[in-house]
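Colleague: Okay, handing you the structure first.
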Amino acid sequence: MTANTGDRTARETLTAIRRHLSPQLALVYGMNGSGAVEARGEGARMRLSDGRTTLDFGSYAVTLLGQRHPAVVAAVRDELDAMPVSSRVLGNRATAALAEALAGWADPGRLTKVWLGLNGGDAVEAALKLARRATGRRRVIAVEGAYHGKSMGALAATWNARYRASLEPLLGGVTHIPADVSAVPGAFEGEEVAAVLFEPVQGEGGVRPLDPAFLKALADAARAHGAFVIADEVQTGLRRCGPRLVGTGLGLEPDAVLLGKALGGGVQPVSAVVATPELYAPLAADPFAHTTTFSGHPLGAAAGVAALRVVEELAPRGARLAEVFGSGLTRLAERHAGLVTAVRGQGLLWGVEFATRAAAGEILMELGRRGLVVSPCLGRPEVLRLLPPLVATDEDAEEALALLDTVCSAVPDEFRTPAAPALTVRRPAPRPSGPGPGSNARSTR
């Protein structure tokens, strides 16, 4: 693509977005890309319309396997040549293969039932329906700071008032509690609870790992009251945070795990509820109680099977990258105390919190100009997320850390505060004793 062609492509793209999607969206995209738009992706990098290349450590956690991973692309191409859509009247081999793969991967022998959707919100909606139908109860307990989607049902479990404004009343019966062990007992008083719903690490909420003691207390209380335990791992699952699933790695034994984002290998949209037979019972009795036209569509199913296989192959690489980012971001926080107020993270999900929202916005745009795409936290705009892919090299990681260091050094004084000690990087909890699911037993954190 020549410079003139790239400029024209960018102008036409941003003009169409401004006219038909949102003027504000076009403005944001134009600023983030310095007038350029994305043109092609490969591995950990994207090429832009103006010829620049940029590291993709964002993409809202979708590109865990990078852009266009060859094994996932090949699986989708094969399915495209065979059966790209299902009749929904006959059984489909690809759909069945993904369900079987997930049942054998998430928590073998316990989470044996699967419902397939297109995105994380789909999975949340399905899980909430199942919990209500299976228990005959309506109340759900979620956690302050949670993000579970923006569809009307899932939105009720999302904490941020920005998304709820002018849309209430939403789905009734959702109670949000602080992520504190002391809040758990009182949460179950009154109306009986159908389910508890939580993200082990809150992504949009500022990359906030929830205290394992709180999660255990919440899960134990749910079981004691006959409620289901639902772990939203749309962002944290598939080894994004180290173990296959954070919730099962902590020994919480959730009744369902929700997957999405990276499940399609960065090539196709697909999500899943992987559940116990008890929670899934309403769909086993009536499979038409909750359906969508593209549930388990063959292209997404093929991508999902390939993605699960590649994720396991690259797991050691992820452990190495986690070490690089953990130590690198700790040093960054020490060098830029007062600007960087906290670093939190686990595995390949890291949040850098800045003194002000303005500082985070300035750094986001400057990183984009210099060749690093990261994701803002919509619920906590002062936090930027780094979501490196499993295919990144050590050199890619060091380049990203160096860019972040350089940009932090250049932040104008008006965005800074008096120096204060940066918070310690949040590390995974100690591994519990006993077996775990990454090696045929239950994985640990």
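Naming scheme: A, B, ... for chains in displayed order of the structure tokens; residues 1 onward per chain; ligands 1 onward as shown.
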Give me the residues near stretch 115-123 of chain A as a count of residues only, where near means some atom within 8 Å (using only C-alpha atoms) and where sequence neighbours in that chain fewer than 3 positions away do not count.
Modeller: 23
Colleague: Find the nearest atom pair between each residue of stretch 36-84 of chain A and stretch 304-318 of chain A for residues within 12 Å, count only C-alpha atoms, give distances in Å to one decimal, sort rows by chain and ascending number, and present the table as CSV.
Modeller:
```
residue,atom,partner,partner_atom,distance
A:Val62,CA,A:Ala307,CA,11.5
A:Thr63,CA,A:Ala307,CA,10.7
A:Leu64,CA,A:Val311,CA,8.5
A:Leu65,CA,A:Val311,CA,7.4
A:Gly66,CA,A:Ala307,CA,11.0
A:Arg68,CA,A:Ala307,CA,11.2
A:His69,CA,A:Ala307,CA,8.9
A:Pro70,CA,A:Ala306,CA,9.9
A:Ala71,CA,A:Ala306,CA,6.5
A:Val72,CA,A:Ala306,CA,5.4
A:Val73,CA,A:Ala306,CA,8.9
A:Ala74,CA,A:Ala306,CA,9.0
A:Ala75,CA,A:Ala306,CA,6.6
A:Val76,CA,A:Ala306,CA,8.9
A:Arg77,CA,A:Ala306,CA,11.8
A:Asp78,CA,A:Ala306,CA,11.6
A:Glu79,CA,A:Ala306,CA,11.7
```
Colleague: Out of stretch 104-143 of chain A, which residues get alpha helix (DSSP H) from DSSP, as a list in words?
Modeller: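 Filtering stretch 104-143 of chain A down to alpha helix (DSSP H) leaves Gly104, Trp105, Gly120, Gly121, Asp122, Ala123, Val124, Glu125, Ala126, Ala127, Leu128, Lys129, Leu130, Ala131, Arg132, Arg133, Ala134 and Thr135 of chain A.
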Colleague: Could you check the closest approach to A:Glu323 for each of A:Ala358, A:Leu349, A:Val374, A:Leu167 and tell me which residue wins, using only C-alpha atoms?
Modeller: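 The closest residue to A:Glu323 is A:Leu349.
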Colleague: For a test of reading the model, state the distance in Å between atom CA of A:Arg132 and atom CA of A:Glu191, rounded to one decimal.
Modeller: 13.1 Å
Colleague: List as a ChimeraX atom specification the protein and nucleic acid residues near A:Lys129, meaning an atom at most 12 Å away when only C-alpha atoms are counted, but skip any in the same chain fewer than 3 places from it.
Modeller: /A:115,122-126,132-140,153-154,171,194-195,228,230,273,279-283,289-291
Colleague: Write the residues of the selection above to a file with N, CA and C atoms, as a compact mmCIF listing (two decimals), in the first residue's frame.
Modeller:
```
# COMPACT_ATOMS: atom_id res chain seq x y z
N TRP A 115 -22.70 -24.69 26.29
CA TRP A 115 -23.55 -23.85 25.44
C TRP A 115 -22.64 -22.87 24.72
N ASP A 122 -23.19 -12.90 25.49
CA ASP A 122 -24.03 -14.07 25.21
C ASP A 122 -23.89 -15.11 26.31
N ALA A 123 -22.65 -15.37 26.71
CA ALA A 123 -22.39 -16.39 27.71
C ALA A 123 -22.98 -15.99 29.07
N VAL A 124 -22.86 -14.71 29.42
CA VAL A 124 -23.43 -14.23 30.69
C VAL A 124 -24.95 -14.39 30.68
N GLU A 125 -25.58 -13.98 29.58
CA GLU A 125 -27.04 -14.10 29.47
C GLU A 125 -27.48 -15.55 29.65
N ALA A 126 -26.81 -16.46 28.97
CA ALA A 126 -27.18 -17.88 29.05
C ALA A 126 -27.00 -18.40 30.47
N ARG A 132 -31.36 -19.17 37.00
CA ARG A 132 -32.74 -18.87 37.43
C ARG A 132 -33.67 -20.05 37.18
N ARG A 133 -33.54 -20.66 36.03
CA ARG A 133 -34.42 -21.79 35.71
C ARG A 133 -34.12 -23.00 36.58
N ALA A 134 -32.86 -23.27 36.81
CA ALA A 134 -32.48 -24.47 37.56
C ALA A 134 -32.86 -24.37 39.04
N THR A 135 -32.84 -23.13 39.58
CA THR A 135 -33.13 -22.97 41.01
C THR A 135 -34.56 -22.51 41.28
N GLY A 136 -35.20 -21.90 40.28
CA GLY A 136 -36.50 -21.29 40.53
C GLY A 136 -36.40 -19.99 41.31
N ARG A 137 -35.18 -19.49 41.49
CA ARG A 137 -34.94 -18.24 42.20
C ARG A 137 -34.57 -17.14 41.22
N ARG A 138 -34.60 -15.89 41.67
CA ARG A 138 -34.31 -14.79 40.75
C ARG A 138 -33.08 -13.96 41.15
N ARG A 139 -32.62 -14.05 42.39
CA ARG A 139 -31.59 -13.12 42.86
C ARG A 139 -30.19 -13.60 42.48
N VAL A 140 -29.35 -12.63 42.09
CA VAL A 140 -27.96 -12.89 41.70
C VAL A 140 -27.06 -11.95 42.48
N GLY A 153 -29.70 -8.07 30.07
CA GLY A 153 -29.56 -8.98 31.20
C GLY A 153 -28.19 -8.87 31.84
N ALA A 154 -27.15 -8.96 31.01
CA ALA A 154 -25.78 -8.88 31.52
C ALA A 154 -25.50 -7.52 32.16
N LEU A 171 -32.71 -6.01 34.52
CA LEU A 171 -33.07 -7.30 35.08
C LEU A 171 -33.05 -7.19 36.61
N ALA A 194 -29.98 -17.29 43.43
CA ALA A 194 -29.84 -18.27 42.37
C ALA A 194 -28.37 -18.54 42.05
N ALA A 195 -27.55 -17.48 42.03
CA ALA A 195 -26.14 -17.64 41.63
C ALA A 195 -25.31 -16.48 42.12
N PHE A 228 -25.70 -21.37 42.66
CA PHE A 228 -24.64 -21.76 41.73
C PHE A 228 -23.50 -20.74 41.74
N ILE A 230 -20.70 -19.02 39.37
CA ILE A 230 -20.40 -18.77 37.96
C ILE A 230 -19.17 -17.88 37.86
N VAL A 273 -20.41 -21.26 27.56
CA VAL A 273 -20.68 -21.59 28.96
C VAL A 273 -20.32 -23.06 29.11
N LEU A 279 -26.41 -27.34 36.69
CA LEU A 279 -26.75 -26.00 36.20
C LEU A 279 -27.35 -26.07 34.80
N TYR A 280 -26.85 -26.98 34.00
CA TYR A 280 -27.26 -27.08 32.59
C TYR A 280 -28.61 -27.79 32.42
N ALA A 281 -29.14 -28.36 33.49
CA ALA A 281 -30.33 -29.20 33.40
C ALA A 281 -31.49 -28.59 32.61
N PRO A 282 -31.79 -27.28 32.73
CA PRO A 282 -32.91 -26.73 31.94
C PRO A 282 -32.71 -26.87 30.43
N LEU A 283 -31.47 -26.73 29.96
CA LEU A 283 -31.22 -26.89 28.52
C LEU A 283 -31.17 -28.35 28.11
N ALA A 289 -34.84 -23.81 24.85
CA ALA A 289 -35.17 -22.79 25.84
C ALA A 289 -34.30 -21.54 25.68
N HIS A 290 -33.09 -21.72 25.14
CA HIS A 290 -32.22 -20.56 24.89
C HIS A 290 -31.37 -20.88 23.67
N THR A 291 -31.66 -20.24 22.56
CA THR A 291 -30.92 -20.49 21.32
C THR A 291 -30.58 -19.16 20.65
```
Colleague: Return the single residue from A:Glu12, A:Asp107, A:Asp81, A:Asp56 that is closest to A:Ala397, with distances computed using only C-alpha atoms.
Modeller: A:Asp56
Colleague: List the neighbours of A:Asn4 out to 12 Å using only C-alpha atoms; skip same-chain residues closer than 3 positions along the sequence, and give me the result as a list in words.
Modeller: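 Surrounding residues, per the criterion: Met1, Asp7, Arg8, Thr9, Ala10, Arg11, Ala36, Ser49, Asp50 and Gly51 of chain A.
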Colleague: Only N, CA, C and O atoms, please: the residues just picked out, written as a PDB file, in the first residue's frame.
Modeller:
```pdb
ATOM      1  N   MET A   1       0.852  -1.186   0.000  1.00  0.00           N
ATOM      2  CA  MET A   1       0.000   0.000   0.000  1.00  0.00           C
ATOM      3  C   MET A   1       0.888   1.237   0.000  1.00  0.00           C
ATOM      4  O   MET A   1       1.728   1.409   0.872  1.00  0.00           O
ATOM      5  N   ASP A   7      -3.223   6.974   2.877  1.00  0.00           N
ATOM      6  CA  ASP A   7      -3.894   8.186   3.353  1.00  0.00           C
ATOM      7  C   ASP A   7      -5.348   8.209   2.908  1.00  0.00           C
ATOM      8  O   ASP A   7      -6.246   8.565   3.680  1.00  0.00           O
ATOM      9  N   ARG A   8      -5.577   7.820   1.652  1.00  0.00           N
ATOM     10  CA  ARG A   8      -6.945   7.824   1.130  1.00  0.00           C
ATOM     11  C   ARG A   8      -7.796   6.786   1.852  1.00  0.00           C
ATOM     12  O   ARG A   8      -8.948   7.046   2.215  1.00  0.00           O
ATOM     13  N   THR A   9      -7.211   5.607   2.088  1.00  0.00           N
ATOM     14  CA  THR A   9      -7.935   4.561   2.811  1.00  0.00           C
ATOM     15  C   THR A   9      -8.330   5.038   4.200  1.00  0.00           C
ATOM     16  O   THR A   9      -9.461   4.821   4.658  1.00  0.00           O
ATOM     17  N   ALA A  10      -7.399   5.672   4.890  1.00  0.00           N
ATOM     18  CA  ALA A  10      -7.686   6.162   6.241  1.00  0.00           C
ATOM     19  C   ALA A  10      -8.776   7.219   6.219  1.00  0.00           C
ATOM     20  O   ALA A  10      -9.705   7.190   7.046  1.00  0.00           O
ATOM     21  N   ARG A  11      -8.684   8.162   5.288  1.00  0.00           N
ATOM     22  CA  ARG A  11      -9.700   9.214   5.211  1.00  0.00           C
ATOM     23  C   ARG A  11     -11.079   8.635   4.938  1.00  0.00           C
ATOM     24  O   ARG A  11     -12.067   9.003   5.577  1.00  0.00           O
ATOM     25  N   ALA A  36      -4.108   7.318  10.939  1.00  0.00           N
ATOM     26  CA  ALA A  36      -4.044   6.047  10.206  1.00  0.00           C
ATOM     27  C   ALA A  36      -5.047   5.055  10.787  1.00  0.00           C
ATOM     28  O   ALA A  36      -5.538   5.213  11.903  1.00  0.00           O
ATOM     29  N   SER A  49      -2.332   1.828   7.886  1.00  0.00           N
ATOM     30  CA  SER A  49      -2.547   2.284   6.511  1.00  0.00           C
ATOM     31  C   SER A  49      -1.442   3.213   6.028  1.00  0.00           C
ATOM     32  O   SER A  49      -1.230   3.340   4.815  1.00  0.00           O
ATOM     33  N   ASP A  50      -0.716   3.866   6.927  1.00  0.00           N
ATOM     34  CA  ASP A  50       0.370   4.762   6.514  1.00  0.00           C
ATOM     35  C   ASP A  50       1.717   4.052   6.437  1.00  0.00           C
ATOM     36  O   ASP A  50       2.752   4.699   6.265  1.00  0.00           O
ATOM     37  N   GLY A  51       1.705   2.720   6.595  1.00  0.00           N
ATOM     38  CA  GLY A  51       2.933   1.947   6.470  1.00  0.00           C
ATOM     39  C   GLY A  51       3.638   1.660   7.778  1.00  0.00           C
ATOM     40  O   GLY A  51       4.562   0.840   7.821  1.00  0.00           O
TER      41      GLY A  51
END
```
Colleague: Given only C-alpha atoms as the basis, pick out the residue of A:Val391, A:Ala322, A:Ala301, A:Ala359 nearest to A:Val85.
Modeller: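 Looking at the shortest contact to A:Val85, the residue is A:Ala301.
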Colleague: What is the atom CA of A:Val407 to atom CA of A:Ala342 distance in Å?
Modeller: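 Pair atom CA of A:Val407 / atom CA of A:Ala342 returns 16.7 Å.
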Colleague: May I have the residues within 7 Å of A:Tyr147 as a PyMOL selection string, using only C-alpha atoms and disregarding those fewer than 4 positions away in the same chain?
Modeller: chain A and resi 158-159+204-205
